[in-house]
>>> print(open('work.cif').read())   # mmCIF, C-alpha atoms
data_data
loop_
_atom_site.label_atom_id
_atom_site.label_comp_id
_atom_site.auth_asym_id
_atom_site.auth_seq_id
_atom_site.Cartn_x
_atom_site.Cartn_y
_atom_site.Cartn_z
CA MET A 1205 43.90 -8.51 1.37
CA THR A 1206 43.82 -11.03 -1.50
CA THR A 1207 42.49 -10.90 -5.05
CA ALA A 1208 39.76 -12.88 -6.76
CA GLY A 1209 42.26 -15.08 -8.62
CA PRO A 1210 45.53 -15.19 -10.60
CA GLY A 1211 45.82 -12.15 -12.85
CA SER A 1212 42.81 -10.43 -11.25
CA ASP A 1213 42.94 -6.95 -9.74
CA ILE A 1214 39.59 -7.32 -7.94
CA PRO A 1215 40.27 -7.36 -4.19
CA VAL A 1216 38.61 -9.89 -1.89
CA LEU A 1217 37.88 -8.23 1.42
CA PRO A 1218 38.02 -10.24 4.64
CA ASN A 1219 34.67 -11.06 6.22
CA GLU A 1220 35.38 -8.86 9.23
CA LEU A 1221 35.81 -5.83 6.98
CA LEU A 1222 32.71 -6.71 4.92
CA LEU A 1223 30.74 -6.88 8.16
CA GLN A 1224 31.81 -3.34 9.05
CA VAL A 1225 31.06 -2.04 5.54
CA ILE A 1226 27.53 -3.46 5.71
CA GLY A 1227 27.09 -1.94 9.15
CA PHE A 1228 27.75 1.54 7.76
CA THR A 1229 25.57 1.06 4.66
CA ASP A 1230 22.13 2.66 4.47
CA ARG A 1231 19.34 0.11 4.68
CA SER A 1232 17.94 1.07 1.29
CA ASP A 1233 21.29 0.22 -0.36
CA LEU A 1234 21.81 -3.23 1.15
CA GLY A 1235 20.42 -5.02 -1.91
CA VAL A 1236 23.74 -4.89 -3.75
CA PHE A 1237 25.30 -7.15 -1.11
CA LEU A 1238 23.02 -10.00 -2.18
CA PHE A 1239 25.32 -10.42 -5.19
CA VAL A 1240 28.78 -9.89 -3.68
CA CYS A 1241 29.41 -13.27 -2.08
CA ARG A 1242 27.70 -15.95 -0.01
CA PHE A 1243 28.80 -14.34 3.25
CA THR A 1244 27.25 -10.93 2.48
CA TYR A 1245 24.13 -12.62 1.08
CA THR A 1246 23.63 -14.42 4.40
CA LEU A 1247 24.08 -11.17 6.31
CA VAL A 1248 21.56 -9.05 4.39
CA CYS A 1249 18.95 -11.44 2.92
CA GLN A 1250 16.60 -10.94 5.89
CA ARG A 1251 16.97 -7.15 5.77
CA VAL A 1252 16.53 -6.29 2.09
CA TYR A 1253 13.05 -7.10 0.82
CA ARG A 1254 10.15 -4.83 1.81
CA LYS A 1255 7.48 -6.03 -0.62
CA ALA A 1256 6.50 -9.39 -2.14
CA VAL A 1257 3.89 -9.78 -4.91
CA PHE A 1258 3.32 -13.45 -5.63
CA PRO A 1259 1.93 -14.52 -9.05
CA ASP A 1260 -1.38 -16.37 -8.92
CA ASP A 1261 0.27 -19.70 -9.83
CA THR A 1262 2.69 -19.59 -6.87
CA SER A 1263 2.22 -22.54 -4.51
CA SER A 1264 1.71 -22.09 -0.78
CA ARG A 1265 4.92 -24.01 -0.17
CA ASP A 1266 6.94 -21.62 -2.35
CA ILE A 1267 5.40 -18.63 -0.55
CA LEU A 1268 6.41 -19.97 2.85
CA GLN A 1269 9.90 -20.85 1.63
CA PHE A 1270 10.37 -17.29 0.37
CA CYS A 1271 9.05 -15.79 3.62
CA ASP A 1272 11.26 -18.08 5.69
CA LYS A 1273 14.30 -16.78 3.79
CA TYR A 1274 13.39 -13.09 3.41
CA GLY A 1275 10.39 -12.43 5.66
CA GLN A 1276 11.98 -10.52 8.55
CA SER A 1277 11.97 -7.25 6.60
CA LEU A 1278 8.77 -7.73 4.56
CA GLN A 1279 6.14 -5.05 5.14
CA THR A 1280 3.81 -5.66 2.17
CA ILE A 1281 2.57 -8.98 0.76
CA LYS A 1282 0.09 -9.67 -2.05
CA LEU A 1283 -0.86 -13.35 -2.08
CA PRO A 1284 -2.36 -15.23 -5.03
CA GLN A 1285 -6.07 -14.45 -5.26
CA GLN A 1286 -9.13 -16.74 -5.30
CA ARG A 1287 -7.47 -19.24 -3.00
CA TYR A 1288 -8.38 -20.35 0.51
CA TYR A 1289 -5.60 -20.00 3.08
CA PRO A 1290 -5.97 -22.12 6.22
CA ASP A 1291 -5.21 -20.67 9.64
CA THR A 1292 -2.00 -22.70 9.90
CA PHE A 1293 -0.65 -21.06 6.74
CA LEU A 1294 -1.49 -17.55 7.93
CA GLN A 1295 -0.01 -18.20 11.37
CA LEU A 1296 3.28 -19.29 9.78
CA LEU A 1297 3.21 -16.28 7.48
CA MET A 1298 2.71 -13.85 10.37
CA ARG A 1299 5.46 -15.53 12.38
CA MET A 1300 7.96 -15.37 9.51
CA CYS A 1301 7.05 -11.75 8.69
CA PRO A 1302 6.87 -9.92 12.05
CA ASN A 1303 7.04 -6.46 10.43
CA LEU A 1304 4.14 -7.04 8.04
CA THR A 1305 1.77 -4.04 7.83
CA PHE A 1306 -0.20 -4.82 4.64
CA LEU A 1307 -1.68 -8.10 3.40
CA GLN A 1308 -3.77 -8.57 0.27
CA SER A 1309 -5.38 -11.99 -0.11
CA SER A 1310 -8.63 -13.92 -0.17
CA ILE A 1311 -8.60 -14.03 3.62
CA THR A 1312 -11.97 -14.70 5.26
CA PRO A 1313 -13.78 -12.18 7.52
CA LYS A 1314 -13.25 -14.47 10.52
CA GLN A 1315 -9.50 -14.59 9.86
CA VAL A 1316 -9.33 -10.82 9.40
CA HIS A 1317 -11.05 -10.30 12.74
CA ALA A 1318 -8.63 -12.66 14.49
CA TYR A 1319 -5.48 -11.11 13.03
CA ARG A 1320 -6.67 -7.55 13.62
CA LEU A 1321 -6.66 -8.40 17.31
CA GLN A 1322 -3.13 -9.78 17.08
CA LYS A 1323 -1.74 -7.10 14.73
CA PRO A 1324 -3.86 -3.95 15.10
CA ASP A 1325 -1.44 -1.94 12.94
CA MET A 1326 -2.13 -4.07 9.84
CA THR A 1327 -4.12 -3.11 6.76
CA PHE A 1328 -5.93 -5.86 4.82
CA VAL A 1329 -7.31 -5.97 1.29
CA THR A 1330 -9.63 -8.93 0.94
CA SER A 1331 -11.30 -10.44 -2.11
CA THR A 1332 -14.06 -12.34 -0.34
CA GLY A 1333 -16.67 -9.59 -0.41
CA TYR A 1334 -18.59 -10.58 2.71
CA TYR A 1335 -18.17 -7.41 4.72
CA ASP A 1336 -20.65 -5.05 6.28
CA HIS A 1337 -20.82 -1.90 4.13
CA THR A 1338 -21.66 0.19 7.21
CA ASP A 1339 -18.42 -0.60 9.07
CA ASP A 1340 -16.40 2.61 9.52
CA ASP A 1341 -13.11 0.67 9.60
CA MET A 1342 -13.34 -0.47 5.98
CA GLU A 1343 -14.17 0.56 2.45
CA THR A 1344 -15.83 -1.86 0.04
CA PHE A 1345 -15.38 -1.98 -3.73
CA ASP A 1346 -18.38 -3.56 -5.43
CA CYS A 1347 -16.61 -3.47 -8.78
CA CYS A 1348 -14.29 -6.29 -7.70
CA SER A 1349 -16.01 -7.59 -4.53
CA SER A 1350 -13.07 -6.54 -2.40
CA SER A 1351 -12.66 -4.62 0.84
CA LEU A 1352 -9.98 -2.40 2.33
CA VAL A 1353 -9.79 -2.98 6.09
CA PHE A 1354 -8.02 -0.22 8.00
CA PRO A 1355 -5.75 -0.65 11.06
CA THR A 1356 -7.39 -0.43 14.46
CA ASN A 1357 -4.56 1.39 16.23
CA ALA A 1358 -3.72 4.07 13.71
CA SER A 1359 -2.98 6.38 16.60
CA THR A 1360 -2.24 6.06 20.27
CA ASP A 1361 -4.41 9.16 20.67
CA HIS A 1362 -7.98 7.84 20.49
CA THR A 1363 -9.30 11.35 19.81
CA ALA A 1364 -7.25 11.70 16.61
CA MET A 1365 -9.15 12.00 13.34
CA THR A 1366 -8.16 9.19 10.97
CA HIS A 1367 -10.92 9.50 8.33
CA ILE A 1368 -12.16 12.63 6.59
CA SER A 1369 -15.04 11.90 4.23
CA HIS A 1370 -16.32 15.47 3.77
CA TYR A 1371 -15.33 19.06 4.43
CA PHE A 1372 -16.85 22.38 3.43
CA HIS A 1373 -15.22 24.31 0.64
CA HIS A 1374 -13.10 27.27 1.63
CA PRO A 1375 -10.05 28.60 -0.20
CA GLY A 1376 -6.98 27.23 1.52
CA ALA A 1377 -8.92 24.86 3.81
CA LEU A 1378 -7.02 21.77 2.66
CA ARG A 1379 -3.59 23.38 2.55
CA ASN A 1380 -3.77 25.57 5.64
CA GLY A 1381 -6.19 23.75 7.93
CA ILE A 1382 -7.06 20.12 7.29
CA LEU A 1383 -3.74 18.58 6.29
CA PRO A 1384 -1.49 20.46 8.75
CA THR A 1385 -3.89 19.64 11.59
CA TYR A 1386 -4.98 16.06 10.83
CA GLY A 1387 -2.64 14.80 8.10
CA THR A 1388 -0.21 12.82 10.25
CA GLU A 1389 -2.98 10.47 11.47
CA LEU A 1390 -5.16 10.28 8.35
CA LEU A 1391 -5.88 6.84 6.88
CA SER A 1392 -8.53 7.99 4.39
CA LEU A 1393 -9.27 11.33 2.77
CA THR A 1394 -12.05 12.45 0.44
CA LEU A 1395 -11.18 15.64 -1.40
CA ASN A 1396 -13.74 18.38 -1.93
CA ARG A 1397 -14.74 18.61 -5.58
CA TYR A 1398 -13.09 22.04 -5.75
CA ASP A 1399 -9.74 20.59 -4.65
CA VAL A 1400 -8.53 19.02 -7.89
CA LEU A 1401 -5.74 16.45 -7.52
CA THR A 1402 -3.04 18.44 -9.27
CA ALA A 1403 0.70 17.93 -8.85
CA SER A 1404 0.83 20.59 -6.12
CA VAL A 1405 -2.07 19.06 -4.17
CA ALA A 1406 -0.53 15.59 -4.53
CA LYS A 1407 2.80 16.91 -3.25
CA LEU A 1408 1.04 18.42 -0.23
CA ILE A 1409 -0.78 15.16 0.57
CA ILE A 1410 2.45 13.15 0.26
CA ALA A 1411 4.25 15.50 2.66
CA LYS A 1412 1.48 15.72 5.26
CA CYS A 1413 -0.12 12.24 5.22
CA PRO A 1414 2.49 9.54 5.98
CA ARG A 1415 -0.17 6.87 6.80
CA LEU A 1416 -2.72 7.48 4.04
CA ARG A 1417 -4.25 4.29 2.63
CA TYR A 1418 -7.36 5.52 0.78
CA LEU A 1419 -7.93 8.65 -1.31
CA VAL A 1420 -11.07 9.84 -3.09
CA ALA A 1421 -10.58 12.56 -5.72
CA PRO A 1422 -13.61 13.84 -7.68
CA THR A 1423 -11.34 15.42 -10.29
CA VAL A 1424 -7.73 14.56 -11.12
CA ARG A 1425 -4.95 15.68 -13.41
CA ALA A 1426 -2.52 13.20 -14.93
CA ALA A 1427 0.50 14.80 -13.24
CA GLY A 1428 -1.18 14.74 -9.82
CA LEU A 1429 -2.30 11.13 -10.16
CA TRP A 1430 1.14 10.01 -11.28
CA MET A 1431 2.84 11.85 -8.43
CA ILE A 1432 0.56 10.39 -5.74
CA LEU A 1433 1.23 6.87 -7.05
CA ARG A 1434 4.96 7.46 -7.34
CA TRP A 1435 5.61 8.97 -3.93
CA CYS A 1436 2.79 8.04 -1.53
CA ASP A 1437 4.28 4.75 -0.29
CA THR A 1438 1.35 3.74 1.95
CA LEU A 1439 -1.49 4.27 -0.52
CA ALA A 1440 -3.64 1.20 -1.28
CA ALA A 1441 -6.57 2.64 -3.26
CA VAL A 1442 -7.58 5.77 -5.15
CA ILE A 1443 -11.17 6.45 -6.20
CA VAL A 1444 -11.43 8.92 -9.07
CA GLY A 1445 -14.65 10.72 -10.01
CA LEU A 1446 -16.77 9.88 -6.97
CA GLN A 1447 -18.44 12.77 -5.13
CA ASP A 1448 -21.14 12.92 -2.47
CA ASP A 1449 -22.62 16.35 -3.10
CA GLU A 1450 -25.57 17.02 -5.38
CA GLU A 1451 -23.81 19.30 -7.84
CA ASP A 1452 -24.15 17.96 -11.38
CA VAL A 1453 -20.62 18.94 -12.35
CA PHE A 1454 -18.52 16.01 -13.53
CA ASN A 1455 -15.21 15.72 -15.34
CA ASP A 1456 -15.43 12.23 -16.80
CA GLU A 1457 -13.47 12.94 -19.95
CA GLU A 1458 -10.54 14.54 -18.17
CA ASN A 1459 -10.57 11.91 -15.41
CA GLU A 1460 -10.59 9.09 -17.95
CA LYS A 1461 -7.54 10.51 -19.73
CA ALA A 1462 -5.67 10.87 -16.44
CA VAL A 1463 -6.51 7.33 -15.29
CA ALA A 1464 -5.37 5.91 -18.64
CA THR A 1465 -1.87 7.32 -18.09
CA ILE A 1466 -1.28 5.22 -14.96
CA ALA A 1467 -3.20 2.05 -15.88
CA HIS A 1468 0.03 0.10 -16.46
CA TYR A 1469 2.08 1.62 -13.66
CA LYS A 1470 3.97 -1.08 -11.76
CA ARG A 1471 2.20 -0.48 -8.42
CA VAL A 1472 -1.30 -0.66 -9.96
CA TRP A 1473 -2.95 -4.07 -9.73
CA CYS A 1474 -6.41 -3.07 -11.01
CA VAL A 1475 -8.31 -0.22 -12.69
CA HIS A 1476 -12.06 -0.76 -12.53
CA SER A 1477 -14.59 1.62 -14.08
CA ASN A 1478 -18.04 2.12 -12.55
CA HIS A 1479 -20.88 3.59 -14.61
CA PHE A 1480 -23.62 5.66 -12.99
CA ASP A 1481 -26.63 7.39 -14.56
CA ASP A 1482 -24.84 10.68 -15.03
CA HIS A 1483 -21.13 10.04 -14.51
CA ARG A 1484 -18.35 7.49 -14.07
CA SER A 1485 -15.83 6.66 -11.37
CA TRP A 1486 -12.68 4.55 -11.29
CA HIS A 1487 -11.24 2.30 -8.58
CA ILE A 1488 -7.45 2.15 -8.80
CA GLY A 1489 -6.01 -0.70 -6.72
CA ILE A 1490 -2.43 -0.07 -5.59
CA ILE A 1491 0.28 -2.20 -3.97
CA PRO A 1492 1.73 -0.08 -1.15
CA ARG A 1493 5.45 -0.08 -0.45
CA LYS A 1494 4.89 -0.15 3.29
#
>>> encode(input="work.cif", output="structure tokens")
Amino acid sequence: MTTAGPGSDIPVLPNELLLQVIGFTDRSDLGVFLFVCRFTYTLVCQRVYRKAVFPDDTSSRDILQFCDKYGQSLQTIKLPQQRYYPDTFLQLLMRMCPNLTFLQSSITPKQVHAYRLQKPDMTFVTSTGYYDHTDDDMETFDCCSSSLVFPTNASTDHTAMTHISHYFHHPGALRNGILPTYGTELLSLTLNRYDVLTASVAKLIIAKCPRLRYLVAPTVRAAGLWMILRWCDTLAAVIVGLQDDEEDVFNDEENEKAVATIAHYKRVWCVHSNHFDDHRSWHIGIIPRK
């Protein structure tokens, strides 16, 4: 073993030993090896990054260069918006990022259809706004002309329930029935207006719904909203204040205060308010971690 230089006590490990150290290191801790030396950087650069959010002024060439260097481990990508991406660009992107499960871009409906066939486990957020509002595999957001397109193979069991848009109120129904039974396959969930998104409810959803992309909560608390954003790694959108029943019971003031607390959270890319005749709702756009 040698040292970094004359008078230095910092040891320089041989490459063979560094290789073994990296092999025993947890995947989530590999990032530190990017800064050790050129050898360790080369070993881990394709295994470190899980998410890439590109600023709107990033060129297509820079995006592809980044993906060529780090794309093998990328699971989430947000591309610059309001830009057309040709098929050749998207094909290269998919090839460089084989583990990609979430893509947000101004991709066209035709391109979404094509890539859903190739990668049925992918979720798309589009900003083109040309989708059919009646399609069960997507949710549209009129506030920003965007759509959330769900995976087509969320489960190998075709009888599994992946979307729950309504359930009757019963004490303990969410905790004891719905989430334990259906949570592992759920992609979207609409809470009953009696099930307020508190910290305890958020904790339950996080534990039981590992694939959740879309959550509707008629009433929220700041602690519950923060917790769901902090720990639900797959979440791509939360709708606050929207409810389908005819009860004229709304909590706009409390919801507005809760939404304001997370407006600048690092995973949040948009907070859009929608005004109705008798109440308000908020669309919170989120960058998932996976």
>>> atom_distance(input="work.cif", atom1="CA of His1373 (chain A)", atom2="CA of Ala1462 (chain A)")
23.7 Å
>>> residues_near_point(input="work.cif", point="(-9.2, -3.1, 1.5)", cutoff="12 Å", atoms="all atoms listed in the file", output="VMD selection string")
chain A and resid 1282 1306 to 1311 1313 1316 1326 to 1333 1335 1337 1341 to 1346 1348 to 1355 1391 to 1392 1417 to 1418 1439 to 1442 1487 to 1492
>>> closest_residue(input="work.cif", among="A:Leu1401, A:Pro1290, A:Leu1419, A:Leu1383", to="Ser1369 (chain A)", atoms="all atoms listed in the file")
A:Leu1419
>>> closest_residue(input="work.cif", among="A:Val1405, A:Glu1457, A:Pro1284, A:Lys1494", to="Asp1325 (chain A)", atoms="all atoms listed in the file")
A:Lys1494
>>> closest_residue(input="work.cif", among="A:Ile1466, A:Lys1314, A:Trp1486, A:Asp1481", to="Ile1443 (chain A)", atoms="all atoms listed in the file")
A:Trp1486
>>> residues_around(input="work.cif", residues="Tyr1253 (chain A)", least_positions_apart="6", cutoff="12 Å", atoms="all atoms listed in the file", output="NGL selection string")
:A and (1231-1236 or 1238 or 1270-1271 or 1273-1281 or 1301 or 1303-1304 or 1493-1494)
>>> resolve_selection(input="work.cif", expression="the PyMOL selection byres ((chain A and resi 1247) around 10)", output="PyMOL selection string")
chain A and resi 1222-1223+1226+1234+1237-1238+1242-1246+1248-1252
>>> atom_distance(input="work.cif", atom1="CA of Leu1429 (chain A)", atom2="CA of Ile1368 (chain A)")
19.5 Å
>>> resolve_selection(input="work.cif", expression="the PyMOL selection byres ((chain A and resi 1371) around 12)", output="PyMOL selection string")
chain A and resi 1367-1370+1372-1375+1377-1378+1381-1383+1393-1399+1447-1449
>>> write_last_selection(input="work.cif", atoms="C-alpha atoms", output="mmCIF file, keeping the file's coordinate frame")
data_model
loop_
_atom_site.group_PDB
_atom_site.id
_atom_site.type_symbol
_atom_site.label_atom_id
_atom_site.label_comp_id
_atom_site.auth_asym_id
_atom_site.auth_seq_id
_atom_site.Cartn_x
_atom_site.Cartn_y
_atom_site.Cartn_z
ATOM 1 C CA HIS A 1367 -10.920 9.500 8.330
ATOM 2 C CA ILE A 1368 -12.160 12.630 6.590
ATOM 3 C CA SER A 1369 -15.040 11.900 4.230
ATOM 4 C CA HIS A 1370 -16.320 15.470 3.770
ATOM 5 C CA PHE A 1372 -16.850 22.380 3.430
ATOM 6 C CA HIS A 1373 -15.220 24.310 0.640
ATOM 7 C CA HIS A 1374 -13.100 27.270 1.630
ATOM 8 C CA PRO A 1375 -10.050 28.600 -0.200
ATOM 9 C CA ALA A 1377 -8.920 24.860 3.810
ATOM 10 C CA LEU A 1378 -7.020 21.770 2.660
ATOM 11 C CA GLY A 1381 -6.190 23.750 7.930
ATOM 12 C CA ILE A 1382 -7.060 20.120 7.290
ATOM 13 C CA LEU A 1383 -3.740 18.580 6.290
ATOM 14 C CA LEU A 1393 -9.270 11.330 2.770
ATOM 15 C CA THR A 1394 -12.050 12.450 0.440
ATOM 16 C CA LEU A 1395 -11.180 15.640 -1.400
ATOM 17 C CA ASN A 1396 -13.740 18.380 -1.930
ATOM 18 C CA ARG A 1397 -14.740 18.610 -5.580
ATOM 19 C CA TYR A 1398 -13.090 22.040 -5.750
ATOM 20 C CA ASP A 1399 -9.740 20.590 -4.650
ATOM 21 C CA GLN A 1447 -18.440 12.770 -5.130
ATOM 22 C CA ASP A 1448 -21.140 12.920 -2.470
ATOM 23 C CA ASP A 1449 -22.620 16.350 -3.100
#
>>> residues_near_point(input="work.cif", point="(0.2, 18.0, -8.1)", cutoff="8 Å", atoms="all atoms listed in the file", output="ChimeraX atom specification")
/A:1401-1408,1425,1427-1429,1431-1432
>>> build_atoms(input="work.cif", residues="region 1466-1477 of chain A", atoms="all heavy atoms", output="PDB file, in the frame of the given file")
ATOM      1  N   ILE A1466      -1.925   6.007 -16.022  1.00  0.00           N
ATOM      2  CA  ILE A1466      -1.280   5.220 -14.960  1.00  0.00           C
ATOM      3  C   ILE A1466      -1.779   3.775 -14.931  1.00  0.00           C
ATOM      4  O   ILE A1466      -1.420   3.024 -14.032  1.00  0.00           O
ATOM      5  CB  ILE A1466      -1.513   5.882 -13.568  1.00  0.00           C
ATOM      6  CG1 ILE A1466      -3.009   6.121 -13.276  1.00  0.00           C
ATOM      7  CG2 ILE A1466      -0.763   7.190 -13.498  1.00  0.00           C
ATOM      8  CD1 ILE A1466      -3.770   4.966 -12.746  1.00  0.00           C
ATOM      9  N   ALA A1467      -2.582   3.384 -15.900  1.00  0.00           N
ATOM     10  CA  ALA A1467      -3.200   2.050 -15.880  1.00  0.00           C
ATOM     11  C   ALA A1467      -2.167   0.924 -15.835  1.00  0.00           C
ATOM     12  O   ALA A1467      -2.425  -0.149 -15.276  1.00  0.00           O
ATOM     13  CB  ALA A1467      -4.106   1.875 -17.090  1.00  0.00           C
ATOM     14  N   HIS A1468      -0.992   1.149 -16.405  1.00  0.00           N
ATOM     15  CA  HIS A1468       0.030   0.100 -16.460  1.00  0.00           C
ATOM     16  C   HIS A1468       1.219   0.405 -15.545  1.00  0.00           C
ATOM     17  O   HIS A1468       2.286  -0.205 -15.690  1.00  0.00           O
ATOM     18  CB  HIS A1468       0.521  -0.069 -17.898  1.00  0.00           C
ATOM     19  CG  HIS A1468      -0.574  -0.444 -18.860  1.00  0.00           C
ATOM     20  ND1 HIS A1468      -1.185  -1.679 -18.828  1.00  0.00           N
ATOM     21  CD2 HIS A1468      -1.177   0.275 -19.841  1.00  0.00           C
ATOM     22  CE1 HIS A1468      -2.115  -1.718 -19.778  1.00  0.00           C
ATOM     23  NE2 HIS A1468      -2.125  -0.554 -20.395  1.00  0.00           N
ATOM     24  N   TYR A1469       1.025   1.314 -14.619  1.00  0.00           N
ATOM     25  CA  TYR A1469       2.080   1.620 -13.660  1.00  0.00           C
ATOM     26  C   TYR A1469       2.335   0.395 -12.790  1.00  0.00           C
ATOM     27  O   TYR A1469       1.409  -0.346 -12.454  1.00  0.00           O
ATOM     28  CB  TYR A1469       1.686   2.825 -12.807  1.00  0.00           C
ATOM     29  CG  TYR A1469       2.758   3.296 -11.862  1.00  0.00           C
ATOM     30  CD1 TYR A1469       3.968   3.786 -12.332  1.00  0.00           C
ATOM     31  CD2 TYR A1469       2.567   3.251 -10.484  1.00  0.00           C
ATOM     32  CE1 TYR A1469       4.953   4.225 -11.469  1.00  0.00           C
ATOM     33  CE2 TYR A1469       3.546   3.692  -9.603  1.00  0.00           C
ATOM     34  CZ  TYR A1469       4.733   4.176 -10.105  1.00  0.00           C
ATOM     35  OH  TYR A1469       5.708   4.593  -9.243  1.00  0.00           O
ATOM     36  N   LYS A1470       3.583   0.175 -12.405  1.00  0.00           N
ATOM     37  CA  LYS A1470       3.970  -1.080 -11.760  1.00  0.00           C
ATOM     38  C   LYS A1470       3.292  -1.326 -10.423  1.00  0.00           C
ATOM     39  O   LYS A1470       3.153  -2.480 -10.009  1.00  0.00           O
ATOM     40  CB  LYS A1470       5.493  -1.122 -11.588  1.00  0.00           C
ATOM     41  CG  LYS A1470       6.064   0.016 -10.757  1.00  0.00           C
ATOM     42  CD  LYS A1470       7.581  -0.030 -10.726  1.00  0.00           C
ATOM     43  CE  LYS A1470       8.176   1.117  -9.931  1.00  0.00           C
ATOM     44  NZ  LYS A1470       9.660   1.078  -9.930  1.00  0.00           N
ATOM     45  N   ARG A1471       2.873  -0.285  -9.710  1.00  0.00           N
ATOM     46  CA  ARG A1471       2.200  -0.480  -8.420  1.00  0.00           C
ATOM     47  C   ARG A1471       0.707  -0.751  -8.563  1.00  0.00           C
ATOM     48  O   ARG A1471       0.054  -1.141  -7.591  1.00  0.00           O
ATOM     49  CB  ARG A1471       2.395   0.757  -7.523  1.00  0.00           C
ATOM     50  CG  ARG A1471       3.784   0.929  -6.970  1.00  0.00           C
ATOM     51  CD  ARG A1471       3.845   2.148  -6.065  1.00  0.00           C
ATOM     52  NE  ARG A1471       2.960   2.017  -4.910  1.00  0.00           N
ATOM     53  CZ  ARG A1471       2.600   3.032  -4.135  1.00  0.00           C
ATOM     54  NH1 ARG A1471       3.032   4.257  -4.414  1.00  0.00           N
ATOM     55  NH2 ARG A1471       1.809   2.837  -3.106  1.00  0.00           N
ATOM     56  N   VAL A1472       0.148  -0.528  -9.742  1.00  0.00           N
ATOM     57  CA  VAL A1472      -1.300  -0.660  -9.960  1.00  0.00           C
ATOM     58  C   VAL A1472      -1.653  -2.100 -10.270  1.00  0.00           C
ATOM     59  O   VAL A1472      -1.123  -2.685 -11.218  1.00  0.00           O
ATOM     60  CB  VAL A1472      -1.759   0.268 -11.097  1.00  0.00           C
ATOM     61  CG1 VAL A1472      -3.226   0.027 -11.427  1.00  0.00           C
ATOM     62  CG2 VAL A1472      -1.538   1.728 -10.721  1.00  0.00           C
ATOM     63  N   TRP A1473      -2.538  -2.686  -9.461  1.00  0.00           N
ATOM     64  CA  TRP A1473      -2.950  -4.070  -9.730  1.00  0.00           C
ATOM     65  C   TRP A1473      -4.339  -4.145 -10.365  1.00  0.00           C
ATOM     66  O   TRP A1473      -4.721  -5.172 -10.912  1.00  0.00           O
ATOM     67  CB  TRP A1473      -2.914  -4.902  -8.451  1.00  0.00           C
ATOM     68  CG  TRP A1473      -3.909  -4.517  -7.382  1.00  0.00           C
ATOM     69  CD1 TRP A1473      -3.713  -3.626  -6.372  1.00  0.00           C
ATOM     70  CD2 TRP A1473      -5.228  -5.026  -7.203  1.00  0.00           C
ATOM     71  NE1 TRP A1473      -4.829  -3.533  -5.577  1.00  0.00           N
ATOM     72  CE2 TRP A1473      -5.780  -4.384  -6.054  1.00  0.00           C
ATOM     73  CE3 TRP A1473      -6.012  -5.964  -7.873  1.00  0.00           C
ATOM     74  CZ2 TRP A1473      -7.074  -4.639  -5.593  1.00  0.00           C
ATOM     75  CZ3 TRP A1473      -7.295  -6.221  -7.409  1.00  0.00           C
ATOM     76  CH2 TRP A1473      -7.807  -5.563  -6.287  1.00  0.00           C
ATOM     77  N   CYS A1474      -5.113  -3.068 -10.321  1.00  0.00           N
ATOM     78  CA  CYS A1474      -6.410  -3.070 -11.010  1.00  0.00           C
ATOM     79  C   CYS A1474      -6.857  -1.645 -11.282  1.00  0.00           C
ATOM     80  O   CYS A1474      -6.517  -0.710 -10.546  1.00  0.00           O
ATOM     81  CB  CYS A1474      -7.475  -3.808 -10.182  1.00  0.00           C
ATOM     82  SG  CYS A1474      -8.183  -2.833  -8.825  1.00  0.00           S
ATOM     83  N   VAL A1475      -7.599  -1.470 -12.380  1.00  0.00           N
ATOM     84  CA  VAL A1475      -8.310  -0.220 -12.690  1.00  0.00           C
ATOM     85  C   VAL A1475      -9.711  -0.626 -13.120  1.00  0.00           C
ATOM     86  O   VAL A1475      -9.890  -1.200 -14.195  1.00  0.00           O
ATOM     87  CB  VAL A1475      -7.614   0.589 -13.805  1.00  0.00           C
ATOM     88  CG1 VAL A1475      -8.458   1.825 -14.133  1.00  0.00           C
ATOM     89  CG2 VAL A1475      -6.213   1.002 -13.392  1.00  0.00           C
ATOM     90  N   HIS A1476     -10.688  -0.373 -12.266  1.00  0.00           N
ATOM     91  CA  HIS A1476     -12.060  -0.760 -12.530  1.00  0.00           C
ATOM     92  C   HIS A1476     -12.933   0.479 -12.719  1.00  0.00           C
ATOM     93  O   HIS A1476     -12.887   1.392 -11.893  1.00  0.00           O
ATOM     94  CB  HIS A1476     -12.622  -1.613 -11.391  1.00  0.00           C
ATOM     95  CG  HIS A1476     -11.927  -2.923 -11.224  1.00  0.00           C
ATOM     96  ND1 HIS A1476     -11.781  -3.560 -10.020  1.00  0.00           N
ATOM     97  CD2 HIS A1476     -11.312  -3.721 -12.139  1.00  0.00           C
ATOM     98  CE1 HIS A1476     -11.115  -4.686 -10.177  1.00  0.00           C
ATOM     99  NE2 HIS A1476     -10.815  -4.805 -11.461  1.00  0.00           N
ATOM    100  N   SER A1477     -13.700   0.489 -13.794  1.00  0.00           N
ATOM    101  CA  SER A1477     -14.590   1.620 -14.080  1.00  0.00           C
ATOM    102  C   SER A1477     -16.003   1.294 -13.632  1.00  0.00           C
ATOM    103  O   SER A1477     -16.504   0.183 -13.840  1.00  0.00           O
ATOM    104  CB  SER A1477     -14.558   1.914 -15.586  1.00  0.00           C
ATOM    105  OG  SER A1477     -15.468   2.939 -15.900  1.00  0.00           O
TER     106      SER A1477
END
